[in-house]
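Structure data (compact mmCIF, C-alpha atoms) from start.txt:
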# COMPACT_ATOMS: atom_id res chain seq x y z
CA TYR A 1 115.81 66.53 196.92
CA TYR A 2 112.96 64.02 196.92
CA SER A 3 114.68 62.66 193.79
CA PHE A 4 114.28 59.05 194.92
CA GLY A 5 110.51 59.46 195.13
CA HIS A 6 110.57 61.25 191.77
CA GLU A 7 112.46 58.50 189.92
CA LEU A 8 110.60 55.71 191.68
CA GLY A 9 107.35 57.35 190.60
CA HIS A 10 108.37 57.09 186.95
CA ASN A 11 108.71 53.32 187.38
CA ILE A 12 105.14 53.17 188.65
CA GLY A 13 103.69 55.19 185.76
CA LEU A 14 103.82 58.75 187.13
CA HIS A 15 104.75 61.63 184.81
CA HIS A 16 105.93 65.22 185.10
CA ASN A 17 103.46 68.10 185.22
CA ILE A 18 101.10 68.48 182.24
CA GLN A 19 103.11 71.46 180.92
CA GLN A 20 106.11 69.16 180.40
CA ALA A 21 104.74 65.71 179.56
CA THR A 22 101.67 63.72 178.50
CA ASN A 23 100.83 60.51 180.33
CA ASN A 24 99.18 58.24 177.77
CA ALA A 25 98.70 55.39 180.26
CA TYR A 26 97.12 57.44 183.07
CA PRO A 27 95.56 60.74 181.92
CA ASP A 28 95.61 62.10 185.49
CA GLY A 29 99.09 60.77 186.27
CA HIS A 30 100.93 64.11 186.22
CA GLY A 31 102.79 66.24 188.71
CA HIS A 32 101.37 69.64 189.64
CA LEU A 33 102.54 73.25 189.92
CA ILE A 34 100.95 74.40 193.18
CA ALA A 35 99.43 77.91 193.14
CA GLN A 36 101.03 80.28 195.62
CA GLY A 37 97.75 81.11 197.39
CA VAL A 38 98.57 82.85 200.68
CA ALA A 39 102.32 82.17 200.36
CA SER A 40 104.90 84.41 198.75
CA THR A 41 105.62 81.87 196.01
CA GLY A 42 104.21 78.75 194.41
CA PHE A 43 105.61 75.25 194.84
CA ARG A 44 105.77 72.00 192.87
CA THR A 45 104.96 68.39 193.72
CA ILE A 46 107.53 65.59 193.61
CA LEU A 47 107.06 64.85 189.89
CA ALA A 48 106.71 68.46 188.69
CA TYR A 49 109.52 70.27 186.88
CA ASN A 50 111.09 73.54 187.97
CA ALA A 51 109.07 76.50 186.64
CA ASN A 52 108.86 80.26 187.14
CA ASN A 53 107.47 80.95 190.65
CA HIS A 54 107.46 77.18 191.31
CA ARG A 55 111.11 76.45 192.10
CA THR A 56 110.76 74.68 195.45
CA ARG A 57 109.75 71.01 195.39
CA VAL A 58 107.63 69.73 198.31
CA ASN A 59 107.21 66.17 199.55
CA TYR A 60 103.75 65.67 198.06
CA TYR A 61 102.51 63.57 195.16
CA SER A 62 99.84 65.48 193.24
CA ASN A 63 96.38 65.04 194.77
CA PRO A 64 93.36 67.33 194.17
CA ASN A 65 91.96 66.33 197.58
CA VAL A 66 94.98 67.59 199.54
CA ASN A 67 95.92 71.24 200.09
CA LEU A 68 99.48 72.36 200.77
CA PRO A 69 99.39 74.03 204.22
CA ALA A 70 101.85 76.74 203.19
CA THR A 71 99.65 77.96 200.32
CA ARG A 72 96.22 76.55 201.25
CA THR A 73 95.82 75.57 197.59
CA PRO A 74 95.28 72.10 196.07
CA THR A 75 98.27 69.93 195.20
CA GLY A 76 96.51 68.60 192.11
CA VAL A 77 93.63 68.96 189.66
CA SER A 78 91.00 66.24 189.25
CA GLY A 79 91.41 64.41 185.95
CA ILE A 80 94.78 66.05 185.24
CA SER A 81 97.20 65.75 188.16
CA ASN A 82 96.45 63.01 190.67
CA ASN A 83 99.56 60.86 190.98
CA ALA A 84 98.33 59.76 194.42
CA ARG A 85 95.40 58.00 192.71
CA VAL A 86 97.71 56.19 190.29
CA LEU A 87 99.86 54.98 193.18
CA THR A 88 96.80 53.77 195.09
CA ALA A 89 95.31 52.00 192.06
CA ASN A 90 98.56 50.15 191.36
CA ARG A 91 99.57 49.25 194.91
CA PHE A 92 98.52 45.58 194.78
CA ALA A 93 100.17 45.03 191.39
CA LEU A 94 103.37 46.51 192.81
CA ALA A 95 103.23 44.23 195.85
CA ASN A 96 102.89 41.27 193.50
CA VAL A 97 106.13 41.94 191.61
CA GLY A 98 108.19 39.54 193.77
CA ASP A 99 110.74 39.62 196.55
CA GLU A 100 113.89 38.78 194.50
CA SER A 101 115.02 36.42 197.25
CA ILE A 102 116.31 33.80 194.82
CA THR A 103 119.73 34.29 193.21
CA CYS A 104 120.07 33.60 189.50
CA SER A 105 122.73 31.02 188.60
CA SER A 106 124.33 31.19 185.15
CA GLY A 107 124.25 28.08 183.00
CA SER A 108 121.57 26.32 185.00
CA THR A 109 118.59 24.88 183.19
CA THR A 110 116.66 24.22 186.37
CA ALA A 111 113.64 26.43 186.71
CA SER A 112 113.60 28.38 189.96
CA THR A 113 110.56 29.33 191.97
CA THR A 114 109.96 32.89 193.13
CA THR A 115 107.75 33.64 196.11
CA THR A 116 105.38 36.51 195.42
CA THR A 117 102.90 38.44 197.50
CA THR A 118 99.40 37.99 196.16
CA PRO A 119 97.07 40.97 196.58
CA PRO A 120 93.81 40.29 198.41
CA PRO A 121 91.10 39.13 195.97
CA ALA A 122 88.19 41.52 195.71
CA ALA A 123 85.99 38.96 197.50
CA ASP A 124 88.31 39.12 200.52
CA CYS A 125 87.70 42.86 200.77
CA SER A 126 83.91 42.54 200.61
CA VAL A 127 81.24 41.98 203.27
CA THR A 128 78.23 40.06 201.95
CA ASN A 129 74.58 40.30 203.00
CA ASN A 130 75.08 43.76 204.47
CA TYR A 131 74.69 47.40 203.48
CA GLN A 132 76.94 50.14 204.91
CA TYR A 133 75.96 53.67 205.87
CA PHE A 134 77.92 56.46 207.53
CA ARG A 135 77.44 58.63 210.62
CA HIS A 136 79.39 60.71 213.13
CA GLN A 137 79.53 59.51 216.74
CA TYR A 138 80.26 61.97 219.55
CA ILE A 139 82.90 60.51 221.89
CA GLY A 140 83.20 63.35 224.40
CA ARG A 141 85.92 65.82 225.32
CA GLN A 142 89.29 64.39 224.32
CA SER A 143 92.77 65.59 223.50
CA LEU A 144 93.70 65.43 219.82
CA SER A 145 95.96 62.42 220.39
CA ASN A 146 93.25 60.59 222.34
CA CYS A 147 90.64 61.35 219.67
CA ARG A 148 92.96 59.92 217.04
CA PHE A 149 93.65 56.88 219.23
CA ARG A 150 89.94 56.24 219.79
CA CYS A 151 89.50 56.09 216.03
CA SER A 152 92.44 53.73 215.53
CA ALA A 153 91.03 51.40 218.19
CA ASP A 154 87.49 51.37 216.75
CA ALA A 155 86.90 48.73 214.07
CA ARG A 156 84.14 50.81 212.44
CA CYS A 157 85.98 54.14 212.40
CA ILE A 158 86.90 55.84 209.11
CA GLY A 159 88.17 59.19 210.40
CA TRP A 160 88.25 61.52 213.40
CA THR A 161 87.34 65.17 213.95
CA ILE A 162 88.01 67.43 216.95
CA ARG A 163 86.92 71.01 217.73
CA SER A 164 89.73 73.34 218.79
CA GLY A 165 89.25 74.95 222.20
CA TYR A 166 86.36 72.73 223.23
CA ASN A 167 88.01 69.35 222.48
CA TRP A 168 84.78 67.84 221.18
CA CYS A 169 85.80 64.54 219.56
CA TYR A 170 83.70 62.90 216.85
CA LEU A 171 84.40 59.66 214.99
CA LEU A 172 83.20 59.22 211.43
CA LYS A 173 82.05 55.61 211.32
CA SER A 174 80.72 53.03 208.90
CA TYR A 175 77.74 51.07 210.19
CA GLU A 176 76.26 47.98 208.59
CA ARG A 177 72.66 46.89 208.17
CA SER A 178 71.68 43.33 207.29
CA SER A 179 70.38 42.96 203.73
CA SER A 180 70.44 39.82 201.59
CA ILE A 181 70.68 41.81 198.35
CA TYR A 182 73.71 43.94 199.25
CA THR A 183 77.48 43.55 199.48
CA TYR A 184 79.76 46.36 200.61
CA GLY A 185 83.44 47.17 200.78
CA PRO A 186 86.11 47.57 201.70
CA ASP A 187 86.12 45.33 204.76
CA LEU A 188 87.27 47.71 207.51
CA SER A 189 88.67 44.85 209.59
CA LYS A 190 91.39 44.36 206.94
CA PRO A 191 93.76 47.36 206.69
CA SER A 192 95.22 46.04 203.41
CA CYS A 193 91.83 46.59 201.76
CA SER A 194 91.64 50.30 202.62
CA MET A 195 91.20 52.70 199.71
CA ASP A 196 91.28 55.80 201.92
CA THR A 197 95.00 56.43 201.46
CA SER A 198 95.17 59.91 199.94
CA ARG A 199 94.17 62.15 202.85
CA PRO A 200 96.88 63.74 205.01
CA CYS A 201 97.28 62.46 208.57
CA SER A 202 95.92 65.70 210.02
CA THR A 203 94.17 68.65 208.37
CA GLN A 204 93.37 71.88 210.18
CA ASP A 205 90.13 73.78 209.55
CA ALA A 206 88.40 70.68 208.22
CA ILE A 207 85.73 68.13 209.16
CA ALA A 208 85.91 64.50 207.98
CA TYR A 209 82.80 63.34 206.17
CA ILE A 210 81.53 60.93 203.49
CA ARG A 211 80.31 62.20 200.13
CA TYR A 212 78.11 60.18 197.78
CA VAL A 213 79.86 60.17 194.40
CA THR A 214 77.89 58.21 191.81
CA ARG A 215 75.96 55.09 190.87
CA SER A 216 77.14 52.89 187.99
CA SER A 217 76.28 49.50 186.54
CA ALA A 218 78.37 46.52 187.60
CA SER A 219 77.90 42.83 186.90
CA SER A 220 79.20 41.74 190.32
CA ALA A 221 80.56 42.97 193.64
CA ASP A 222 84.08 42.23 192.37
CA VAL A 223 83.54 44.56 189.43
CA CYS A 224 82.18 47.25 191.76
CA ASN A 225 85.22 46.85 194.03
CA ALA A 226 87.59 47.16 191.06
CA ALA A 227 85.76 50.24 189.78
CA CYS A 228 86.13 51.90 193.17
CA GLN A 229 89.84 51.01 193.32
CA ASN A 230 90.43 52.60 189.93
CA SER A 231 88.44 55.74 190.67
CA SER A 232 90.13 58.89 191.92
CA THR A 233 87.08 59.76 194.04
CA CYS A 234 85.96 56.44 195.58
CA THR A 235 86.93 55.02 198.96
CA HIS A 236 83.82 52.98 199.90
CA TRP A 237 81.07 51.20 197.97
CA ASN A 238 77.77 49.34 198.21
CA TYR A 239 76.72 46.79 195.59
CA SER A 240 73.13 45.71 194.97
CA ARG A 241 72.06 42.52 193.19
CA SER A 242 70.20 44.81 190.79
CA GLN A 243 73.75 45.32 189.42
CA SER A 244 74.07 48.82 190.84
CA CYS A 245 77.39 50.01 192.26
CA TYR A 246 77.14 52.97 194.66
CA MET A 247 80.40 54.83 195.30
CA TYR A 248 81.33 57.11 198.21
CA GLN A 249 84.36 59.23 199.07
CA ALA A 250 85.89 59.97 202.46
CA LEU A 251 87.29 63.50 202.48
CA ASN A 252 87.73 66.64 204.55
CA ARG A 253 85.35 69.59 204.20
CA ARG A 254 86.75 73.02 205.06
CA VAL A 255 85.29 74.24 208.37
CA SER A 256 87.26 76.58 210.62
CA ARG A 257 88.42 75.56 214.11
CA TRP A 258 88.13 71.82 213.50
CA THR A 259 90.97 69.37 212.86
CA SER A 260 90.46 66.03 211.14
CA GLY A 261 92.29 62.99 209.86
CA PRO A 262 91.79 59.44 208.55
CA LYS A 263 92.01 56.28 210.62
CA ALA A 264 94.84 54.78 208.58
CA CYS A 265 97.92 56.97 208.49

Give the structure from this file in structure tokens form.
Amino acid sequence: YYSFGHELGHNIGLHHNIQQATNNAYPDGHGHLIAQGVASTGFRTILAYNANNHRTRVNYYSNPNVNLPATRTPTGVSGISNNARVLTANRFALANVGDESITCSSGSTTASTTTTTTPPPAADCSVTNNYQYFRHQYIGRQSLSNCRFRCSADARCIGWTIRSGYNWCYLLKSYERSSSIYTYGPDLSKPSCSMDTSRPCSTQDAIAYIRYVTRSSASSADVCNAACQNSSTCTHWNYSRSQSCYMYQALNRRVSRWTSGPKAC
């Protein structure tokens, strides 16, 4: 079960759990043996091998930012088992492989042309002359489905959060401020640019928020965008002409009686 996702993952660079294999291409590209936590047994992610107390495979790629509901324990370890990050980092390269719509003909010397899907250039995922910052906006009392819908319909929304019992709906949003020395990304108006692809569609006992991760040197906004794409903890960034790249992560913080999820799901 889940064997198709397992074998397909190998073609993308994913490896078995660290106890069984070493991924020389992606040090964190391993499956994970999920601790049993509050459950009666542990589990294993799609790429992990059968192990004592970890016999049942679940439909999760390893991801330190996602807990398995049955155990309430992480499905990965940062820097060791984060196959979800490897998938996200390689998604544009995979889309650019080609559509195989042209049939090969034996004996022909005529070169054929293959149509490929070109990933969006970094510049297309950037917004120039602006700086982004993040804030929650209270929407009012809503049902969970309406709160989620309000986020999906809001161009600035990153994630939604609702309080059980009271139905207080908040949207986590990215706002922009004009600044000639800044560029930010990704461009929220373009879903293909999103880097917030690792969070589950809905997480109980959690509030969506943005965490500042780090500042690094970058020679251009394109370099900053690429660094964020290749990071396991970056979903948004600001770039300053002083060659500073500021990285942020959208995630869910554990708080009881709240339910949260990302815009894109």

Given only C-alpha atoms as the counted atoms, nearest of A:Ser192, A:Gln132, A:Asn146, A:Ser217 to Trp237 (chain A): A:Gln132

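Here CA of Ser244 (chain A) and CA of Leu87 (chain A) stand 26.6 Å from one another.
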
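Closest to Asn167 (chain A) among A:Gln142, A:Asn17, A:Thr45, A:Ser152 is A:Gln142, based on only C-alpha atoms.
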
Contact check, region 185-239 of chain A to region 73-80 of chain A, at most 12 Å, counting all atoms listed in the file, closest pairs as a tab-separated table:
residue	atom	partner	partner_atom	distance
A:Ser198	CA	A:Thr75	CA	11.5
A:Arg199	CA	A:Thr75	CA	11.7
A:Pro200	CA	A:Thr75	CA	11.7
A:Ser231	CA	A:Gly79	CA	10.3
A:Ser232	CA	A:Ser78	CA	7.9
A:Thr233	CA	A:Ser78	CA	9.0

Please identify all polymer residues within 6 Å of Ser260 (chain A), counting only C-alpha atoms, omitting same-chain residues fewer than 5 positions from it, and present them as a ChimeraX atom specification. /A:160-161,202-203,206-208
